[in-house]
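Undergrad: Take a look at the following structure, please.
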Amino acid sequence: MKGIKKSLTEEYLYLDFSHQKEGCIFPLHTSVTLFLLSYCDCKIFKVCLVLTRESTDIPLLKNILSQDVEIQIISRQELPPIVQSCCLPAIVERPEDFCRAGLAVVLRYIIQKSYEADPSKKEILELLGFKKTCLKACAEVSQWTRLCEFTIPLAIENFLKESADQHPTIPEEILQLEKKLSEPVRVHNDDKLRRQKLKQQKAPGAGPSLVKGKMQSKVDRQKMSEGLDSSSKSLELKVAFSKLMVQEEPATTTNREASHIRKAKASDLPPLEHVFAEGLYFTLADIVLLPCIHHFLLIICKKLSEKLVEFPLLSAWYQRIQEVPRVKTAASQCGIHFLHLPALLTSSNEQHSNLNEATGVEEQNDPSFVGGPRPTMTKLMEKGIEVMFSPHPCPTWTLDWNSLPAAVSPKEGKMPYDRALRKQQQLNNLVYVVTNQAKPGDRIVDFCSGGGHVGIVLAHMLPACQVTLIENKELSLIRAKKRSDELGLSNIWFIQANMEYFTGMFNIGVALHACGVATDMVIEHCIKTRASFVTCPCCYGFIQNTSKFNFPKSEQFKKTLSYKEHMILCRFADQTAVQLPPQRRLIGKQCMCLVDLDRARAAEERGYSVQVISMEPESCSPKNNMIVGVPI
């Protein structure tokens with residue numbers, strides 16, 4: 001077929017299987033993945049269902065999946081070793097040293113490979129949204145990714161378990177989603193769309209609007225009229241469905257808007273309302289949410305029908321998504337048979353008003369960071385907490401970079417000479433500490449590995465150790481693998497995943513310039529595994545309370561500083577750039593030390609011996625602290 005490309009690499013997709021219910025496969029991560037495969041008509045992966053129970057009705061299981069998909073049923077013990085270190089779903093290339101793990105990473109990769117196999121399927125690539133960023137931000141830092149990838153699927157699975165009772169509790173996450181659907185939509189070029197909406201409101205009965213440079217055809221308008229009732233024909237729906245249905249872009253018109261439309265203030269423009277989960281356009285987020293919301297509504301309609309009225313926006317989204325081309329077909333192939341829901345009334349203006357009021361209160365209560373760090377530092381000194389670094393174990397030690405293969409050096413990463421030299425100096429510090437701790441057979445994990453500068457050096461220097469690089473950005477890992485292949489390294493793995501999806505055991509965790517709370521996540525991962533850690537923090541100004549961490553972290557600092565005071569230290573810790581005045585840089589360095597001492601004290605409270613060391617030479621980086629922890 002024209003445009004079809006065959007992948008030269010054999011790739012296996014591993015999915016958990018726990019049970020079936022009403023024709024659907026659980027856990028929901030697996031159901032979501034199978035739904036996307038069906039929607040994309042993707043047949044390029046060999047699918048392996050990994051049994052979590054000893055016995056299941058395998059013939060019935062195979063009947064659920066499309067016969068076009070090659071499927072194997074395996075046990076957990078049959079997984080490749082690299083996949084055994086990860087949560088599923090996961091995709092592995094042969095040879096088995098590169099793994100993509102986690103729902104968002106795997107789904108985005110399926111979309112990418114489906115489009116590469118058939119570039120005529122542009123609508124598949126559109127699932128990745130504006131600038132191809134849908135669910136790209138990792139769940140550790142993005143509340144939206146976390147809601148879609150983790151909390152909603154887990155909450156629905158727990159809801160289904162509780163549904164044996166007569167009145168299961170409505171998951172808080174579903175209430176959050178209903179609230180999100182009531183929020184005004186922010187999209188690229190939304191000013192233009194809001195002015196079109198204002199024009200539509202001022203002149204009801206006007207002809208079809210020009211949407212994103214596309215005029216809907218008569219056939220497309222007829223399709224919309226047949227698929228949507230008259231009350232639904234808003235500008236937002238025209239925008240959303242024109243993108244789904246129109247294949248070619250005719251020439252745009254140049255008619256100027258009326259004066260009262262052009263001159264309207266932005267604050268007077270009507271807000272755009274949600275059509276799909278992320279706003280106006282059908283994206284990967286809708287694919288993820290559909291199996292979850294379908295099972296939620298199944299229980300609601302069966303056992304809590306009186307509660308349906310509380311979810312008018314979610315119900316409208318559920319009905320609207322059925323009008324997307326190929327969704328019904330893909331859903332039925334995965335055992336999802338849509339419900340017919342009654343029409344529900346809602347007042348979006350009232351919801352927006354309540355939301356704005358709540359936002360206003362939240363903004364008023366938001367702490368403002370006024371004033372310098374000196375009062376906070378003085379407060380710590382009064383409690384005996386002062387800026388104090390442990391001595392560097394070997395400040396003059398360096399790798400013999402000239403004798404190492406070219407692919408080991410960060411210069412191979414095509415960075416400027418000065419930056420590559422500083423990167424070498426940073427690596428000297430980390431490599432010295434790690435190589436003095438490592439023993440033959442140890443497993444070393446380079447978290448937030450980027451292009452593999454740390455991990456590749458360690459794998460080359462420690463051939464008797466297994467080194468694993470974990471990074472969320474695919475291109476960075478591909479560059480790292482290319483360098484590794486040039487070196488012929490056989491003791492290195494590459495895992496594209498969020499940190500939470502890595503579940504393997506290891507002895508030493510390393511992270512060079514993990515941003516903000518990523519450093520805290522690395523330390524926490526190491527502590528849970530009782531592994532040593534060597535971290536060099538970065539981006540202190542991005543530190544804030546999350547679902548996993550509250551600051552200050554240590555009991556000693558909690559007794560002395562409030563959250564606001566600790567955030568002052570974090571903000572000023574970022575002021576260490578070389579172009580700043582020396583005195584200001586000194587204060588920044590002191591704040592860095594205090595923030596890292598809090599991290600060190602927190603680890604000590606959990607049975608670690610921890611040192612905060614300044615890297616040598618200090619000019620190797622404005623962020624030149626190392627936190628070195630060893631379990632006692």
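Ligands are numbered from 1 in the order shown, chains are lettered A, B, ... in the order of the structure tokens, and residues start at 1 in each chain.
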So that each row is one residue of range 382-478 of chain A with an atom at most 9 Å from range 619-624 of chain A, can you give its shortest atom pair and the distance in Å to one decimal, using only C-alpha atoms, rows by chain and rising number, as CSV?
TA:
```
residue,atom,partner,partner_atom,distance
A:Arg419,CA,A:Cys620,CA,8.8
A:Leu421,CA,A:Cys620,CA,8.1
A:Arg422,CA,A:Cys620,CA,4.6
A:Lys423,CA,A:Cys620,CA,7.1
A:Gln424,CA,A:Cys620,CA,8.5
A:Gln425,CA,A:Cys620,CA,5.9
A:Gln426,CA,A:Cys620,CA,6.1
```
Undergrad: Please, could you write that set of residues out with all heavy atoms as a short mmCIF file (atom, residue, chain, number, x, y, z; two decimals), in the first residue's frame?
TA:
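The result, stored in result-v5.cif:
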```
data_model
loop_
_atom_site.label_atom_id
_atom_site.label_comp_id
_atom_site.auth_asym_id
_atom_site.auth_seq_id
_atom_site.Cartn_x
_atom_site.Cartn_y
_atom_site.Cartn_z
N ARG A 419 31.58 24.35 27.63
CA ARG A 419 30.55 23.61 28.38
C ARG A 419 30.97 22.15 28.55
O ARG A 419 30.75 21.55 29.59
CB ARG A 419 29.21 23.69 27.65
CG ARG A 419 28.07 23.10 28.45
CD ARG A 419 26.75 23.16 27.71
NE ARG A 419 25.72 22.41 28.41
CZ ARG A 419 24.60 22.02 27.86
NH1 ARG A 419 24.33 22.29 26.60
NH2 ARG A 419 23.72 21.33 28.55
N LEU A 421 34.00 21.02 28.77
CA LEU A 421 35.04 20.98 29.80
C LEU A 421 34.42 21.02 31.20
O LEU A 421 34.81 20.25 32.08
CB LEU A 421 36.00 22.16 29.61
CG LEU A 421 37.10 22.31 30.68
CD1 LEU A 421 38.00 21.08 30.69
CD2 LEU A 421 37.91 23.58 30.44
N ARG A 422 33.43 21.90 31.39
CA ARG A 422 32.76 21.97 32.70
C ARG A 422 32.02 20.67 33.00
O ARG A 422 32.00 20.21 34.14
CB ARG A 422 31.79 23.16 32.74
CG ARG A 422 32.48 24.51 32.74
CD ARG A 422 31.53 25.63 33.14
NE ARG A 422 30.38 25.73 32.25
CZ ARG A 422 30.37 26.45 31.14
NH1 ARG A 422 31.44 27.14 30.77
NH2 ARG A 422 29.28 26.52 30.39
N LYS A 423 31.42 20.07 31.96
CA LYS A 423 30.72 18.80 32.17
C LYS A 423 31.72 17.72 32.58
O LYS A 423 31.42 16.89 33.46
CB LYS A 423 29.99 18.40 30.89
CG LYS A 423 29.12 17.16 31.03
CD LYS A 423 27.97 17.38 32.00
CE LYS A 423 26.95 18.36 31.45
NZ LYS A 423 25.78 18.51 32.36
N GLN A 424 32.90 17.70 31.98
CA GLN A 424 33.94 16.75 32.39
C GLN A 424 34.31 16.94 33.86
O GLN A 424 34.48 15.96 34.60
CB GLN A 424 35.18 16.90 31.50
CG GLN A 424 35.02 16.37 30.09
CD GLN A 424 36.27 16.57 29.26
OE1 GLN A 424 37.17 17.34 29.63
NE2 GLN A 424 36.35 15.87 28.14
N GLN A 425 34.42 18.20 34.27
CA GLN A 425 34.77 18.49 35.67
C GLN A 425 33.67 18.00 36.62
O GLN A 425 33.95 17.46 37.69
CB GLN A 425 35.01 19.98 35.84
CG GLN A 425 36.25 20.48 35.11
CD GLN A 425 36.33 22.00 35.08
OE1 GLN A 425 35.34 22.71 35.27
NE2 GLN A 425 37.54 22.52 34.82
N GLN A 426 32.41 18.19 36.21
CA GLN A 426 31.30 17.70 37.03
C GLN A 426 31.37 16.18 37.14
O GLN A 426 31.19 15.60 38.22
CB GLN A 426 29.97 18.13 36.42
CG GLN A 426 29.73 19.62 36.37
CD GLN A 426 28.62 20.01 35.41
OE1 GLN A 426 27.73 19.21 35.11
NE2 GLN A 426 28.69 21.23 34.88
#
```
Undergrad: Which residues come within 10 Å of Leu304 in chain A, counting only C-alpha atoms, excluding same-chain residues fewer than 4 positions away, as a PyMOL selection string?
TA: chain A and resi 163+166-168+170+297-300+308
Undergrad: Could you tell me which of A:Gln77, A:Gln575, A:Thr468, A:Asn498 comes closest to Glu149 in chain A if we count only C-alpha atoms?
TA: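 Among the listed residues, A:Asn498 lies closest to Glu149 in chain A.
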Undergrad: Which residue is closest to Leu147 in chain A? Choose from A:Ala600, A:Ile174, A:Ile91, A:Leu404 and count only C-alpha atoms.
TA: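 Distance minimum relative to Leu147 in chain A lands on A:Ile174.
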Undergrad: From the set A:Gln611, A:Ser85, A:Ser484, A:Thr560, which residue has the shortest atom-to-atom contact distance to Cys536 in chain A, counting only C-alpha atoms?
TA: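 Among A:Gln611, A:Ser85, A:Ser484, A:Thr560, it is A:Gln611 that comes nearest to Cys536 in chain A.
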Undergrad: Tell me, which residues of range 294-492 of chain A carry DSSP alpha helix (DSSP H), written as an MDAnalysis selection string?
TA: chainID A and resid 294:303 312:321 327:333 348:365 374:382 417:437 453:461 474:487
Undergrad: Considering only C-alpha atoms, return as a list of chain:residue names whatever protein or nucleic-acid residues lie within 10 Å of Lys383 in chain A, sequence-local ones (same chain, fewer than 5 positions apart) excluded.
TA: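 Once the nearby chain positions are removed, what remains is A:Thr378, A:Gln556, A:Phe557, A:Lys559, A:Thr560.
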Undergrad: Ranking A:Ser562, A:Asn436, A:Gln84, A:Thr546 by minimum distance to Ser142 in chain A and counting only C-alpha atoms, which one comes first?
TA: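 Closest residue, counting only C-alpha atoms: A:Thr546.
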Undergrad: Counting only C-alpha atoms, which of A:Val327, A:Cys87, A:Val288, A:Cys539 gets nearest to Cys40 in chain A?
TA: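 Among the listed residues, the smallest separation from Cys40 in chain A belongs to A:Val327.
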Undergrad: For each of A:Ile495, A:Cys465, A:Ala406, A:Trp397, take the minimum atom-to-atom distance to Tyr432 in chain A, counting only C-alpha atoms, then give the residue where this is smallest.
TA: A:Trp397
Undergrad: Suppose you want the space between CA of Arg108 in chain A and CA of Gly504 in chain A; what is it in Å?
TA: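 Calculated distance between CA of Arg108 in chain A and CA of Gly504 in chain A is 23.3 Å.
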Undergrad: Considering only C-alpha atoms, return as a PDB file with N, CA and C atoms, in the first residue's frame whatever protein or nucleic-acid residues lie within 8 Å of Cys99 in chain A, sequence-local ones (same chain, fewer than 3 positions apart) excluded.
TA:
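Written out: selection35.pdb:
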```pdb
ATOM      1  N   ILE A  82      14.995  -6.551  31.489  1.00  0.00           N
ATOM      2  CA  ILE A  82      14.844  -5.103  31.570  1.00  0.00           C
ATOM      3  C   ILE A  82      13.395  -4.722  31.889  1.00  0.00           C
ATOM      4  N   VAL A  83      12.440  -5.514  31.390  1.00  0.00           N
ATOM      5  CA  VAL A  83      11.024  -5.211  31.641  1.00  0.00           C
ATOM      6  C   VAL A  83      10.639  -5.595  33.065  1.00  0.00           C
ATOM      7  N   ALA A  90       4.773  -1.728  28.771  1.00  0.00           N
ATOM      8  CA  ALA A  90       6.139  -1.471  28.351  1.00  0.00           C
ATOM      9  C   ALA A  90       6.344  -1.976  26.933  1.00  0.00           C
ATOM     10  N   ILE A  91       7.215  -1.303  26.205  1.00  0.00           N
ATOM     11  CA  ILE A  91       7.596  -1.707  24.848  1.00  0.00           C
ATOM     12  C   ILE A  91       9.101  -1.894  24.813  1.00  0.00           C
ATOM     13  N   VAL A  92       9.543  -3.018  24.237  1.00  0.00           N
ATOM     14  CA  VAL A  92      10.963  -3.332  24.193  1.00  0.00           C
ATOM     15  C   VAL A  92      11.390  -3.613  22.756  1.00  0.00           C
ATOM     16  N   GLU A  93      12.512  -3.018  22.387  1.00  0.00           N
ATOM     17  CA  GLU A  93      13.125  -3.318  21.102  1.00  0.00           C
ATOM     18  C   GLU A  93      14.104  -4.474  21.289  1.00  0.00           C
ATOM     19  N   GLU A  96      17.240  -6.640  23.748  1.00  0.00           N
ATOM     20  CA  GLU A  96      16.428  -6.129  24.855  1.00  0.00           C
ATOM     21  C   GLU A  96      17.230  -5.257  25.813  1.00  0.00           C
ATOM     22  N   PHE A 494      18.690   1.076  28.775  1.00  0.00           N
ATOM     23  CA  PHE A 494      18.078   2.383  28.559  1.00  0.00           C
ATOM     24  C   PHE A 494      16.570   2.249  28.784  1.00  0.00           C
ATOM     25  N   ILE A 495      16.044   3.038  29.701  1.00  0.00           N
ATOM     26  CA  ILE A 495      14.608   2.977  30.006  1.00  0.00           C
ATOM     27  C   ILE A 495      14.014   4.374  29.884  1.00  0.00           C
ATOM     28  N   GLN A 496      13.107   4.535  28.913  1.00  0.00           N
ATOM     29  CA  GLN A 496      12.364   5.784  28.801  1.00  0.00           C
ATOM     30  C   GLN A 496      11.111   5.653  29.655  1.00  0.00           C
TER      31      GLN A 496
END
```
Undergrad: Skip Arg585 in chain A itself and residues of its chain fewer than 3 positions away, then list as a VMD selection string all residues within 6 Å of it, counting only C-alpha atoms.
TA: chain A and resid 576 582 588
Undergrad: Given the selection you just returned, output its residues as a file containing N, CA, C and O atoms, formatted as a CSV table (one decimal), in the first residue's frame.
TA:
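In the end it all went to out01.csv:
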```
chain,number,residue,atom,x,y,z
A,576,THR,N,22.9,32.0,41.7
A,576,THR,CA,24.4,31.7,41.7
A,576,THR,C,25.0,31.8,40.4
A,576,THR,O,26.2,31.4,40.2
A,582,PRO,N,29.5,39.1,43.2
A,582,PRO,CA,30.0,38.1,44.0
A,582,PRO,C,29.3,37.9,45.4
A,582,PRO,O,29.1,36.8,45.8
A,588,GLY,N,23.6,33.1,47.5
A,588,GLY,CA,22.9,32.0,46.8
A,588,GLY,C,23.5,30.7,47.1
A,588,GLY,O,22.8,29.7,47.4
```
Undergrad: Using DSSP on the backbone coordinates, identify the residues of range 57-192 of chain A assigned to strand (DSSP E); present them as a ChimeraX atom specification.
TA: /A:71-75,90-93,98-101
